[in-house]
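For reference, input_36.cif (mmCIF, C-alpha atoms):
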```cif
data_work
loop_
_atom_site.group_PDB
_atom_site.id
_atom_site.type_symbol
_atom_site.label_atom_id
_atom_site.label_comp_id
_atom_site.auth_asym_id
_atom_site.auth_seq_id
_atom_site.Cartn_x
_atom_site.Cartn_y
_atom_site.Cartn_z
ATOM 1 C CA MET A 1 -11.711 -40.798 -12.094
ATOM 2 C CA PRO A 2 -13.289 -38.340 -9.615
ATOM 3 C CA THR A 3 -16.277 -39.345 -7.518
ATOM 4 C CA ASN A 4 -19.380 -37.521 -8.705
ATOM 5 C CA ILE A 5 -21.447 -36.058 -5.881
ATOM 6 C CA LEU A 6 -25.083 -34.883 -5.831
ATOM 7 C CA VAL A 7 -26.264 -32.395 -3.206
ATOM 8 C CA ILE A 8 -30.062 -32.376 -2.945
ATOM 9 C CA GLY A 9 -31.357 -29.241 -1.233
ATOM 10 C CA ALA A 10 -28.259 -27.309 -2.245
ATOM 11 C CA SER A 11 -29.903 -23.885 -2.030
ATOM 12 C CA GLY A 12 -30.630 -24.126 1.706
ATOM 13 C CA GLN A 13 -28.649 -22.790 4.647
ATOM 14 C CA ILE A 14 -26.381 -25.816 5.075
ATOM 15 C CA GLY A 15 -26.667 -27.108 1.519
ATOM 16 C CA THR A 16 -25.221 -23.942 -0.023
ATOM 17 C CA GLU A 17 -22.053 -23.918 2.038
ATOM 18 C CA LEU A 18 -21.652 -27.692 1.884
ATOM 19 C CA THR A 19 -21.839 -27.618 -1.916
ATOM 20 C CA LEU A 20 -19.238 -24.851 -2.166
ATOM 21 C CA LYS A 21 -16.874 -26.693 0.184
ATOM 22 C CA LEU A 22 -17.287 -29.976 -1.699
ATOM 23 C CA ARG A 23 -16.551 -28.174 -4.973
ATOM 24 C CA GLU A 24 -13.430 -26.711 -3.417
ATOM 25 C CA LEU A 25 -12.313 -30.208 -2.408
ATOM 26 C CA HIS A 26 -13.408 -32.274 -5.416
ATOM 27 C CA GLY A 27 -13.614 -29.783 -8.281
ATOM 28 C CA ASN A 28 -16.612 -27.791 -9.473
ATOM 29 C CA ALA A 29 -17.664 -30.200 -12.205
ATOM 30 C CA ALA A 30 -17.749 -33.204 -9.864
ATOM 31 C CA VAL A 31 -20.349 -31.728 -7.485
ATOM 32 C CA ILE A 32 -23.879 -31.404 -8.874
ATOM 33 C CA ALA A 33 -26.164 -29.050 -6.953
ATOM 34 C CA SER A 34 -29.930 -29.509 -7.083
ATOM 35 C CA ASP A 35 -32.930 -27.893 -5.453
ATOM 36 C CA ILE A 36 -36.522 -27.005 -6.192
ATOM 37 C CA ARG A 37 -35.409 -23.372 -6.563
ATOM 38 C CA GLU A 38 -32.248 -21.598 -7.663
ATOM 39 C CA GLY A 39 -29.703 -20.650 -5.021
ATOM 40 C CA SER A 40 -27.230 -17.850 -4.416
ATOM 41 C CA GLU A 41 -25.248 -16.314 -7.233
ATOM 42 C CA GLU A 42 -22.063 -17.941 -5.919
ATOM 43 C CA LEU A 43 -23.707 -21.365 -5.845
ATOM 44 C CA MET A 44 -25.212 -21.043 -9.299
ATOM 45 C CA SER A 45 -22.029 -19.771 -10.948
ATOM 46 C CA SER A 46 -19.602 -22.214 -9.344
ATOM 47 C CA GLY A 47 -20.723 -25.441 -10.966
ATOM 48 C CA PRO A 48 -23.566 -27.588 -12.373
ATOM 49 C CA PHE A 49 -27.058 -26.921 -11.008
ATOM 50 C CA GLU A 50 -30.292 -28.784 -11.739
ATOM 51 C CA ILE A 51 -33.829 -27.878 -10.711
ATOM 52 C CA ALA A 52 -35.297 -31.022 -9.131
ATOM 53 C CA ASN A 53 -37.953 -31.913 -6.586
ATOM 54 C CA ALA A 54 -36.475 -34.147 -3.872
ATOM 55 C CA MET A 55 -39.843 -35.907 -3.614
ATOM 56 C CA ASP A 56 -39.797 -36.910 -7.315
ATOM 57 C CA PHE A 57 -38.075 -40.293 -7.488
ATOM 58 C CA ASP A 58 -37.872 -40.329 -11.279
ATOM 59 C CA ALA A 59 -36.240 -36.891 -11.343
ATOM 60 C CA ILE A 60 -33.615 -37.851 -8.770
ATOM 61 C CA GLU A 61 -32.958 -41.198 -10.458
ATOM 62 C CA LYS A 62 -32.494 -39.383 -13.773
ATOM 63 C CA LEU A 63 -29.940 -36.995 -12.245
ATOM 64 C CA VAL A 64 -28.039 -39.903 -10.683
ATOM 65 C CA GLY A 65 -27.848 -41.698 -14.021
ATOM 66 C CA HIS A 66 -27.055 -38.637 -16.141
ATOM 67 C CA TYR A 67 -24.138 -37.513 -13.977
ATOM 68 C CA ASN A 68 -22.933 -40.972 -12.876
ATOM 69 C CA ILE A 69 -23.475 -40.020 -9.225
ATOM 70 C CA GLU A 70 -21.834 -42.175 -6.565
ATOM 71 C CA VAL A 71 -22.424 -40.096 -3.411
ATOM 72 C CA VAL A 72 -25.585 -38.209 -2.379
ATOM 73 C CA TYR A 73 -25.930 -35.597 0.352
ATOM 74 C CA LEU A 74 -29.665 -35.243 1.038
ATOM 75 C CA MET A 75 -30.028 -31.784 2.624
ATOM 76 C CA ALA A 76 -33.643 -31.066 1.598
ATOM 77 C CA ALA A 77 -35.988 -30.782 4.602
ATOM 78 C CA MET A 78 -38.706 -28.675 6.143
ATOM 79 C CA LEU A 79 -37.461 -27.457 9.520
ATOM 80 C CA SER A 80 -39.101 -27.369 12.928
ATOM 81 C CA ALA A 81 -40.885 -24.009 13.092
ATOM 82 C CA THR A 82 -42.009 -24.026 9.457
ATOM 83 C CA GLY A 83 -43.069 -27.667 9.667
ATOM 84 C CA GLU A 84 -45.498 -26.968 12.500
ATOM 85 C CA LYS A 85 -47.498 -24.719 10.177
ATOM 86 C CA VAL A 86 -47.920 -27.409 7.493
ATOM 87 C CA PRO A 87 -47.263 -30.729 9.258
ATOM 88 C CA MET A 88 -48.364 -33.142 6.539
ATOM 89 C CA LYS A 89 -46.384 -31.308 3.883
ATOM 90 C CA ALA A 90 -43.325 -31.403 6.155
ATOM 91 C CA TRP A 91 -43.774 -35.126 6.784
ATOM 92 C CA ALA A 92 -44.121 -35.852 3.067
ATOM 93 C CA LEU A 93 -41.021 -33.882 2.086
ATOM 94 C CA ASN A 94 -38.820 -35.168 4.893
ATOM 95 C CA MET A 95 -39.769 -38.823 4.458
ATOM 96 C CA ASP A 96 -40.329 -39.208 0.713
ATOM 97 C CA SER A 97 -37.001 -37.565 -0.121
ATOM 98 C CA LEU A 98 -35.192 -39.956 2.234
ATOM 99 C CA PHE A 99 -36.856 -43.061 0.815
ATOM 100 C CA ASN A 100 -36.011 -41.945 -2.720
ATOM 101 C CA VAL A 101 -32.314 -41.826 -1.914
ATOM 102 C CA LEU A 102 -32.242 -44.932 0.288
ATOM 103 C CA ASN A 103 -33.954 -46.944 -2.456
ATOM 104 C CA LEU A 104 -31.454 -45.766 -5.061
ATOM 105 C CA ALA A 105 -28.682 -46.945 -2.737
ATOM 106 C CA LYS A 106 -30.480 -50.244 -2.072
ATOM 107 C CA ASP A 107 -30.596 -50.827 -5.839
ATOM 108 C CA LYS A 108 -26.841 -50.099 -6.066
ATOM 109 C CA LYS A 109 -27.355 -46.981 -8.186
ATOM 110 C CA ILE A 110 -25.397 -44.903 -5.660
ATOM 111 C CA LYS A 111 -22.691 -45.994 -3.233
ATOM 112 C CA LYS A 112 -22.943 -43.706 -0.221
ATOM 113 C CA VAL A 113 -25.581 -41.469 1.389
ATOM 114 C CA PHE A 114 -25.453 -38.608 3.882
ATOM 115 C CA TRP A 115 -28.701 -37.651 5.593
ATOM 116 C CA PRO A 116 -28.854 -35.150 8.462
ATOM 117 C CA SER A 117 -30.839 -35.712 11.610
ATOM 118 C CA SER A 118 -31.289 -33.141 14.383
ATOM 119 C CA ILE A 119 -31.526 -32.549 18.115
ATOM 120 C CA ALA A 120 -35.265 -32.267 17.350
ATOM 121 C CA VAL A 121 -35.436 -36.076 17.710
ATOM 122 C CA PHE A 122 -35.289 -35.558 21.475
ATOM 123 C CA GLY A 123 -38.259 -34.578 23.607
ATOM 124 C CA PRO A 124 -39.341 -33.464 27.088
ATOM 125 C CA SER A 125 -38.603 -36.896 28.601
ATOM 126 C CA THR A 126 -35.024 -36.895 27.274
ATOM 127 C CA PRO A 127 -32.249 -36.026 29.783
ATOM 128 C CA LYS A 128 -31.525 -32.340 29.069
ATOM 129 C CA GLU A 129 -27.927 -32.180 30.308
ATOM 130 C CA GLN A 130 -25.272 -34.011 28.291
ATOM 131 C CA THR A 131 -27.940 -35.920 26.387
ATOM 132 C CA PRO A 132 -26.471 -39.363 25.656
ATOM 133 C CA GLN A 133 -26.192 -41.005 22.249
ATOM 134 C CA THR A 134 -28.797 -43.620 23.113
ATOM 135 C CA THR A 135 -31.687 -42.349 25.229
ATOM 136 C CA VAL A 136 -35.436 -41.765 25.402
ATOM 137 C CA MET A 137 -36.711 -39.992 22.276
ATOM 138 C CA GLU A 138 -40.241 -38.584 22.277
ATOM 139 C CA PRO A 139 -40.161 -35.681 19.793
ATOM 140 C CA THR A 140 -43.040 -33.209 19.878
ATOM 141 C CA THR A 141 -42.731 -31.630 16.398
ATOM 142 C CA VAL A 142 -43.411 -33.133 12.989
ATOM 143 C CA TYR A 143 -39.787 -32.275 12.114
ATOM 144 C CA GLY A 144 -38.514 -34.238 15.100
ATOM 145 C CA ILE A 145 -40.890 -37.129 14.422
ATOM 146 C CA SER A 146 -39.716 -37.327 10.808
ATOM 147 C CA LYS A 147 -36.074 -37.231 11.845
ATOM 148 C CA GLN A 148 -36.518 -39.926 14.495
ATOM 149 C CA THR A 149 -38.366 -42.082 11.964
ATOM 150 C CA GLY A 150 -35.691 -41.412 9.369
ATOM 151 C CA GLU A 151 -32.976 -42.550 11.786
ATOM 152 C CA ARG A 152 -34.721 -45.889 12.208
ATOM 153 C CA TRP A 153 -35.085 -46.323 8.452
ATOM 154 C CA CYS A 154 -31.408 -45.486 7.867
ATOM 155 C CA SER A 155 -30.407 -48.105 10.403
ATOM 156 C CA TYR A 156 -32.813 -50.612 8.815
ATOM 157 C CA TYR A 157 -31.542 -50.038 5.268
ATOM 158 C CA HIS A 158 -27.962 -50.468 6.450
ATOM 159 C CA LYS A 159 -28.694 -53.709 8.304
ATOM 160 C CA LYS A 160 -31.122 -55.181 5.760
ATOM 161 C CA TYR A 161 -29.611 -54.047 2.466
ATOM 162 C CA GLY A 162 -26.053 -52.980 3.322
ATOM 163 C CA VAL A 163 -26.698 -49.337 2.403
ATOM 164 C CA ASP A 164 -23.760 -47.135 3.403
ATOM 165 C CA VAL A 165 -25.786 -44.330 4.966
ATOM 166 C CA ARG A 166 -24.271 -41.911 7.469
ATOM 167 C CA SER A 167 -25.911 -39.279 9.634
ATOM 168 C CA ILE A 168 -25.329 -36.702 12.357
ATOM 169 C CA ARG A 169 -27.782 -34.914 14.632
ATOM 170 C CA TYR A 170 -27.180 -31.258 13.914
ATOM 171 C CA PRO A 171 -27.556 -28.752 16.745
ATOM 172 C CA GLY A 172 -28.513 -25.148 15.935
ATOM 173 C CA ILE A 173 -26.340 -23.983 13.011
ATOM 174 C CA ILE A 174 -25.057 -20.401 12.843
ATOM 175 C CA SER A 175 -23.818 -18.800 9.613
ATOM 176 C CA TYR A 176 -23.647 -15.355 8.002
ATOM 177 C CA LYS A 177 -23.549 -16.560 4.384
ATOM 178 C CA THR A 178 -27.049 -18.005 3.958
ATOM 179 C CA LEU A 179 -30.134 -17.093 5.957
ATOM 180 C CA PRO A 180 -31.716 -19.876 8.041
ATOM 181 C CA GLY A 181 -34.806 -21.675 6.847
ATOM 182 C CA GLY A 182 -37.386 -21.628 9.630
ATOM 183 C CA GLY A 183 -35.815 -23.416 12.582
ATOM 184 C CA THR A 184 -36.211 -22.935 16.322
ATOM 185 C CA THR A 185 -32.595 -21.783 16.741
ATOM 186 C CA ASP A 186 -32.770 -19.101 14.023
ATOM 187 C CA TYR A 187 -32.542 -16.321 16.650
ATOM 188 C CA ALA A 188 -28.827 -17.027 16.924
ATOM 189 C CA VAL A 189 -28.368 -15.898 13.307
ATOM 190 C CA GLU A 190 -30.949 -13.115 13.258
ATOM 191 C CA ILE A 191 -29.412 -11.422 16.297
ATOM 192 C CA PHE A 192 -26.212 -10.558 14.426
ATOM 193 C CA HIS A 193 -27.944 -9.065 11.389
ATOM 194 C CA GLU A 194 -30.340 -7.025 13.545
ATOM 195 C CA ALA A 195 -27.567 -5.885 15.894
ATOM 196 C CA MET A 196 -25.444 -4.521 13.073
ATOM 197 C CA GLN A 197 -28.281 -2.924 11.125
ATOM 198 C CA ASN A 198 -30.609 -1.715 13.905
ATOM 199 C CA GLY A 199 -28.655 -1.946 17.161
ATOM 200 C CA LYS A 200 -31.295 -4.103 18.824
ATOM 201 C CA TYR A 201 -33.042 -7.465 18.585
ATOM 202 C CA THR A 202 -36.145 -9.104 20.047
ATOM 203 C CA SER A 203 -35.588 -12.798 20.695
ATOM 204 C CA PHE A 204 -38.421 -15.269 20.177
ATOM 205 C CA LEU A 205 -36.861 -17.467 22.894
ATOM 206 C CA SER A 206 -36.551 -16.520 26.570
ATOM 207 C CA GLU A 207 -33.221 -15.257 27.875
ATOM 208 C CA GLU A 208 -32.380 -18.465 29.791
ATOM 209 C CA THR A 209 -33.196 -20.982 27.031
ATOM 210 C CA GLU A 210 -29.964 -22.948 26.651
ATOM 211 C CA LEU A 211 -29.559 -24.940 23.442
ATOM 212 C CA PRO A 212 -26.711 -26.746 21.651
ATOM 213 C CA MET A 213 -25.207 -24.627 18.875
ATOM 214 C CA MET A 214 -22.473 -24.836 16.247
ATOM 215 C CA PHE A 215 -20.767 -22.527 13.763
ATOM 216 C CA MET A 216 -21.419 -23.481 10.156
ATOM 217 C CA ASP A 217 -17.756 -24.208 9.405
ATOM 218 C CA ASP A 218 -17.777 -26.915 12.079
ATOM 219 C CA ALA A 219 -21.053 -28.369 10.781
ATOM 220 C CA ILE A 220 -19.588 -28.630 7.272
ATOM 221 C CA LYS A 221 -16.399 -30.124 8.675
ATOM 222 C CA ALA A 222 -18.374 -32.781 10.572
ATOM 223 C CA THR A 223 -20.464 -33.620 7.505
ATOM 224 C CA ILE A 224 -17.407 -34.158 5.316
ATOM 225 C CA ASP A 225 -15.416 -35.910 8.068
ATOM 226 C CA ILE A 226 -18.063 -38.573 8.651
ATOM 227 C CA MET A 227 -18.372 -39.209 4.908
ATOM 228 C CA ASP A 228 -14.599 -39.460 4.506
ATOM 229 C CA ALA A 229 -14.233 -41.946 7.378
ATOM 230 C CA PRO A 230 -13.743 -45.636 6.523
ATOM 231 C CA SER A 231 -16.984 -47.601 6.608
ATOM 232 C CA GLU A 232 -15.851 -49.800 9.490
ATOM 233 C CA ALA A 233 -15.377 -46.701 11.676
ATOM 234 C CA ILE A 234 -19.066 -45.784 11.425
ATOM 235 C CA LYS A 235 -20.578 -47.842 14.231
ATOM 236 C CA VAL A 236 -23.818 -45.828 14.581
ATOM 237 C CA ARG A 237 -26.036 -46.159 11.520
ATOM 238 C CA SER A 238 -29.003 -44.243 12.883
ATOM 239 C CA SER A 239 -27.383 -40.854 13.621
ATOM 240 C CA TYR A 240 -24.506 -39.553 15.734
ATOM 241 C CA ASN A 241 -24.845 -36.939 18.447
ATOM 242 C CA LEU A 242 -22.816 -33.847 17.545
ATOM 243 C CA SER A 243 -21.821 -30.955 19.786
ATOM 244 C CA ALA A 244 -19.647 -27.857 19.911
ATOM 245 C CA MET A 245 -21.127 -25.434 22.483
ATOM 246 C CA SER A 246 -24.317 -24.516 24.329
ATOM 247 C CA PHE A 247 -25.533 -21.039 25.242
ATOM 248 C CA THR A 248 -28.623 -18.953 25.992
ATOM 249 C CA PRO A 249 -29.884 -15.842 24.177
ATOM 250 C CA LYS A 250 -28.687 -13.803 27.159
ATOM 251 C CA ILE A 251 -25.144 -15.184 26.891
ATOM 252 C CA LEU A 252 -25.082 -14.577 23.135
ATOM 253 C CA ALA A 253 -26.306 -11.011 23.668
ATOM 254 C CA GLU A 254 -23.343 -10.402 25.978
ATOM 255 C CA GLU A 255 -21.005 -11.622 23.240
ATOM 256 C CA VAL A 256 -22.655 -9.222 20.780
ATOM 257 C CA LYS A 257 -22.085 -6.368 23.252
ATOM 258 C CA ARG A 258 -18.337 -6.998 23.081
ATOM 259 C CA HIS A 259 -18.581 -5.613 19.557
ATOM 260 C CA LEU A 260 -21.544 -3.263 20.018
ATOM 261 C CA PRO A 261 -21.687 -2.035 23.654
ATOM 262 C CA GLU A 262 -24.966 -0.147 23.023
ATOM 263 C CA PHE A 263 -26.760 -3.228 21.675
ATOM 264 C CA GLU A 264 -30.247 -3.707 23.165
ATOM 265 C CA MET A 265 -31.748 -7.185 23.626
ATOM 266 C CA ASN A 266 -35.442 -7.814 24.273
ATOM 267 C CA TYR A 267 -37.468 -10.999 24.700
ATOM 268 C CA GLU A 268 -40.902 -11.933 23.386
ATOM 269 C CA PRO A 269 -41.145 -15.748 23.392
ATOM 270 C CA ASP A 270 -43.539 -17.195 20.807
ATOM 271 C CA PHE A 271 -44.625 -20.712 19.782
ATOM 272 C CA ARG A 272 -40.983 -21.646 19.166
ATOM 273 C CA GLN A 273 -40.369 -21.423 22.908
ATOM 274 C CA ASP A 274 -42.551 -24.501 23.450
ATOM 275 C CA ILE A 275 -40.438 -26.389 20.909
ATOM 276 C CA ALA A 276 -37.124 -25.278 22.446
ATOM 277 C CA ASP A 277 -38.295 -26.294 25.924
ATOM 278 C CA THR A 278 -38.437 -29.930 24.783
ATOM 279 C CA TRP A 279 -34.883 -29.988 23.422
ATOM 280 C CA PRO A 280 -31.598 -30.723 25.222
ATOM 281 C CA SER A 281 -29.458 -27.946 26.671
ATOM 282 C CA SER A 282 -26.221 -29.852 26.037
ATOM 283 C CA ILE A 283 -25.182 -32.936 24.070
ATOM 284 C CA ASP A 284 -22.755 -35.793 24.768
ATOM 285 C CA ASP A 285 -21.033 -36.562 21.463
ATOM 286 C CA ALA A 286 -18.299 -38.860 22.807
ATOM 287 C CA GLU A 287 -19.114 -41.606 20.294
ATOM 288 C CA ALA A 288 -18.599 -39.321 17.277
ATOM 289 C CA ARG A 289 -15.304 -38.141 18.762
ATOM 290 C CA ALA A 290 -14.172 -41.728 19.380
ATOM 291 C CA ASP A 291 -15.429 -43.434 16.205
ATOM 292 C CA TRP A 292 -14.438 -40.942 13.478
ATOM 293 C CA ASN A 293 -12.325 -38.408 15.388
ATOM 294 C CA TRP A 294 -14.847 -35.561 15.384
ATOM 295 C CA SER A 295 -13.600 -32.310 16.935
ATOM 296 C CA HIS A 296 -14.883 -28.744 16.707
ATOM 297 C CA ASN A 297 -12.861 -25.583 16.119
ATOM 298 C CA PHE A 298 -15.150 -22.691 17.180
ATOM 299 C CA ASN A 299 -16.269 -21.612 20.657
ATOM 300 C CA ILE A 300 -18.849 -18.868 21.251
ATOM 301 C CA SER A 301 -16.333 -16.009 21.195
ATOM 302 C CA GLU A 302 -14.738 -17.224 17.974
ATOM 303 C CA LEU A 303 -18.191 -17.752 16.460
ATOM 304 C CA THR A 304 -19.217 -14.192 17.370
ATOM 305 C CA ASP A 305 -16.037 -12.711 15.911
ATOM 306 C CA ALA A 306 -16.524 -14.670 12.668
ATOM 307 C CA MET A 307 -20.167 -13.579 12.372
ATOM 308 C CA PHE A 308 -19.329 -9.877 12.785
ATOM 309 C CA THR A 309 -16.456 -10.078 10.317
ATOM 310 C CA GLY A 310 -18.573 -11.910 7.763
ATOM 311 C CA ILE A 311 -21.648 -9.697 7.988
ATOM 312 C CA LYS A 312 -19.526 -6.522 7.850
ATOM 313 C CA SER A 313 -17.958 -7.723 4.611
ATOM 314 C CA GLN A 314 -21.410 -8.430 3.184
ATOM 315 C CA LEU A 315 -22.703 -4.969 4.116
ATOM 316 C CA VAL A 316 -19.656 -3.269 2.606
ATOM 317 C CA SER A 317 -20.038 -5.158 -0.675
ATOM 318 C CA LYS A 318 -23.713 -4.175 -1.107
#
```
Please rewrite the model in this file as structure tokens.
Amino acid sequence: MPTNILVIGASGQIGTELTLKLRELHGNAAVIASDIREGSEELMSSGPFEIANAMDFDAIEKLVGHYNIEVVYLMAAMLSATGEKVPMKAWALNMDSLFNVLNLAKDKKIKKVFWPSSIAVFGPSTPKEQTPQTTVMEPTTVYGISKQTGERWCSYYHKKYGVDVRSIRYPGIISYKTLPGGGTTDYAVEIFHEAMQNGKYTSFLSEETELPMMFMDDAIKATIDIMDAPSEAIKVRSSYNLSAMSFTPKILAEEVKRHLPEFEMNYEPDFRQDIADTWPSSIDDAEARADWNWSHNFNISELTDAMFTGIKSQLVSK
């Protein structure tokens, strides 16, 4: 009998592609997508979809019971830049949704939980170069505060109640399929769309702001790999560091110019610069690589090539 999976927040940037990949692996009927709003045409047509508010415990519990769900991927969240505009709303969404799922697992109504954390858990006092797995964490955004708090609760629920919860700290995620949802690293997606449509882009981060980044395919791979690993291999029950590459807007602009030599890059840092300045420039993810054999496939050149190929195909099909 196949394992039934629920993806909460399936219409978001990561949730959309994660749901499609899980359906490819487990069959369309076995992966239930849910969100507070409908998603892309591909998402909606590929398998079951339910409108549900991640903050509504009764609604989530009902979905779990109706579809005999065993595994939940909780992808619903309000990201860093958006969260700063409505901090209490961001806190409520990010925390209430996590408690809903953790409590269902505590009560043995689901067997396994994935919940993503972020490099936003780190702060200005954190070592910026090769940030270690265990280090000082003093986040400065409500998103980072909620993720740091969530990590502690995940660890607590595992130790206290035996909940099989697994987590990774996502870096900036780059994809052409679904637009980003209000994060501080969104420039690294916007640049490709603007370059191909207008030949220029104005970055909201300064040219030398180095941040950890990852192509979406690697982020999906990591998410599925950690969930497929045997329970005894998961030694970190707060959240694992995860890394693929680090670069600045200036370096990414040079990669874009390989494809579009006339591309023009400008810089007008805004409030997101203050957020980025508190985050690491590179991440040490040795524990993820050792414990559950994490490895990435895309470097910056391969990422750039994939983005141009993907966006071109989208423009042609319109």
Residue members of the PyMOL selection byres ((chain A and resi 306-312) around 8) in the file shown, as a PDB file with C-alpha atoms, keeping the file's coordinate frame:
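Done, and the output landed in expr-v7.pdb:
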```
ATOM      1  CA  SER A 175     -23.818 -18.800   9.613  1.00  0.00           C
ATOM      2  CA  TYR A 176     -23.647 -15.355   8.002  1.00  0.00           C
ATOM      3  CA  LYS A 177     -23.549 -16.560   4.384  1.00  0.00           C
ATOM      4  CA  PHE A 192     -26.212 -10.558  14.426  1.00  0.00           C
ATOM      5  CA  HIS A 193     -27.944  -9.065  11.389  1.00  0.00           C
ATOM      6  CA  GLU A 302     -14.738 -17.224  17.974  1.00  0.00           C
ATOM      7  CA  LEU A 303     -18.191 -17.752  16.460  1.00  0.00           C
ATOM      8  CA  THR A 304     -19.217 -14.192  17.370  1.00  0.00           C
ATOM      9  CA  ASP A 305     -16.037 -12.711  15.911  1.00  0.00           C
ATOM     10  CA  SER A 313     -17.958  -7.723   4.611  1.00  0.00           C
ATOM     11  CA  GLN A 314     -21.410  -8.430   3.184  1.00  0.00           C
ATOM     12  CA  LEU A 315     -22.703  -4.969   4.116  1.00  0.00           C
ATOM     13  CA  VAL A 316     -19.656  -3.269   2.606  1.00  0.00           C
TER      14      VAL A 316
END
```
(request) Pick out the residues sitting within 12 Å of Ser282 in chain A, and hand them over as a PyMOL selection string; count all atoms listed in the file, and ignore anything fewer than 3 positions along from it in its own chain. (result) chain A and resi 119+122+126-133+171-172+209-214+241-248+279+285
Those same residues - C-alpha atoms - I'd like them written as a short mmCIF file (atom, residue, chain, number, x, y, z; two decimals), in the frame of the given file.
```cif
data_model
loop_
_atom_site.label_atom_id
_atom_site.label_comp_id
_atom_site.auth_asym_id
_atom_site.auth_seq_id
_atom_site.Cartn_x
_atom_site.Cartn_y
_atom_site.Cartn_z
CA ILE A 119 -31.53 -32.55 18.11
CA PHE A 122 -35.29 -35.56 21.48
CA THR A 126 -35.02 -36.90 27.27
CA PRO A 127 -32.25 -36.03 29.78
CA LYS A 128 -31.52 -32.34 29.07
CA GLU A 129 -27.93 -32.18 30.31
CA GLN A 130 -25.27 -34.01 28.29
CA THR A 131 -27.94 -35.92 26.39
CA PRO A 132 -26.47 -39.36 25.66
CA GLN A 133 -26.19 -41.00 22.25
CA PRO A 171 -27.56 -28.75 16.74
CA GLY A 172 -28.51 -25.15 15.94
CA THR A 209 -33.20 -20.98 27.03
CA GLU A 210 -29.96 -22.95 26.65
CA LEU A 211 -29.56 -24.94 23.44
CA PRO A 212 -26.71 -26.75 21.65
CA MET A 213 -25.21 -24.63 18.88
CA MET A 214 -22.47 -24.84 16.25
CA ASN A 241 -24.84 -36.94 18.45
CA LEU A 242 -22.82 -33.85 17.55
CA SER A 243 -21.82 -30.96 19.79
CA ALA A 244 -19.65 -27.86 19.91
CA MET A 245 -21.13 -25.43 22.48
CA SER A 246 -24.32 -24.52 24.33
CA PHE A 247 -25.53 -21.04 25.24
CA THR A 248 -28.62 -18.95 25.99
CA TRP A 279 -34.88 -29.99 23.42
CA ASP A 285 -21.03 -36.56 21.46
#
```
(message) I'd like the contact shell of range 218-230 of chain A - 6 Å cut-off, all atoms listed in the file, skipping same-chain residues fewer than 3 positions apart - returned as an MDAnalysis selection string.
(response) chainID A and resid 18 215 233 296
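Residues of protein, DNA or RNA having at least one counted atom within 10 Å of (-28.3, -15.0, 28.5), given only C-alpha atoms, are A:Ser206, A:Glu207, A:Glu208, A:Thr209, A:Glu210, A:Phe247, A:Thr248, A:Pro249, A:Lys250, A:Ile251, A:Leu252, A:Ala253, A:Glu254, A:Glu255, A:Met265.
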(message) So, with all atoms listed in the file as the atoms that count, which of A:Leu104, A:Ala77, A:Ala54, A:Val256 lies closest to Ala195 in chain A?
(response)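 Looking at the shortest contact to Ala195 in chain A, the residue is A:Val256.
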(request) Rank nothing, just name the residue among A:Ala76, A:Val136, A:Ala288, A:Ala188 nearest to Arg169 in chain A, using only C-alpha atoms. (result) A:Ala288
(request) Report the distance between CA of Thr134 in chain A and CA of Trp91 in chain A in Å, rounded to one decimal place. (result) 23.7 Å
(request) Might you pull out every residue within 7 Å of Glu264 in chain A, with all atoms listed in the file counted and same-chain residues fewer than 6 positions away left off, and present them as an NGL selection string? (result) :A and (199-201)
(request) Check what the PyMOL selection byres ((chain A and resi 60) around 10) selects in the file above and give those residues as a PyMOL selection string. (result) chain A and resi 6+8+34+52-59+61-66+97+100-101+104
Given the file above and the PyMOL selection byres ((chain A and resi 14) around 10), which residues are selected, and can you give them as a PDB file with C-alpha atoms, keeping the file's coordinate frame?
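The new file result.pdb reads:
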```pdb
ATOM      1  CA  GLY A   9     -31.357 -29.241  -1.233  1.00  0.00           C
ATOM      2  CA  ALA A  10     -28.259 -27.309  -2.245  1.00  0.00           C
ATOM      3  CA  SER A  11     -29.903 -23.885  -2.030  1.00  0.00           C
ATOM      4  CA  GLY A  12     -30.630 -24.126   1.706  1.00  0.00           C
ATOM      5  CA  GLN A  13     -28.649 -22.790   4.647  1.00  0.00           C
ATOM      6  CA  GLY A  15     -26.667 -27.108   1.519  1.00  0.00           C
ATOM      7  CA  THR A  16     -25.221 -23.942  -0.023  1.00  0.00           C
ATOM      8  CA  GLU A  17     -22.053 -23.918   2.038  1.00  0.00           C
ATOM      9  CA  LEU A  18     -21.652 -27.692   1.884  1.00  0.00           C
ATOM     10  CA  THR A  19     -21.839 -27.618  -1.916  1.00  0.00           C
ATOM     11  CA  MET A  75     -30.028 -31.784   2.624  1.00  0.00           C
ATOM     12  CA  ALA A  76     -33.643 -31.066   1.598  1.00  0.00           C
ATOM     13  CA  ILE A 173     -26.340 -23.983  13.011  1.00  0.00           C
ATOM     14  CA  ILE A 174     -25.057 -20.401  12.843  1.00  0.00           C
ATOM     15  CA  SER A 175     -23.818 -18.800   9.613  1.00  0.00           C
ATOM     16  CA  LYS A 177     -23.549 -16.560   4.384  1.00  0.00           C
ATOM     17  CA  THR A 178     -27.049 -18.005   3.958  1.00  0.00           C
ATOM     18  CA  LEU A 179     -30.134 -17.093   5.957  1.00  0.00           C
ATOM     19  CA  PRO A 180     -31.716 -19.876   8.041  1.00  0.00           C
ATOM     20  CA  GLY A 181     -34.806 -21.675   6.847  1.00  0.00           C
ATOM     21  CA  MET A 216     -21.419 -23.481  10.156  1.00  0.00           C
ATOM     22  CA  ASP A 217     -17.756 -24.208   9.405  1.00  0.00           C
ATOM     23  CA  ALA A 219     -21.053 -28.369  10.781  1.00  0.00           C
ATOM     24  CA  ILE A 220     -19.588 -28.630   7.272  1.00  0.00           C
TER      25      ILE A 220
END
```
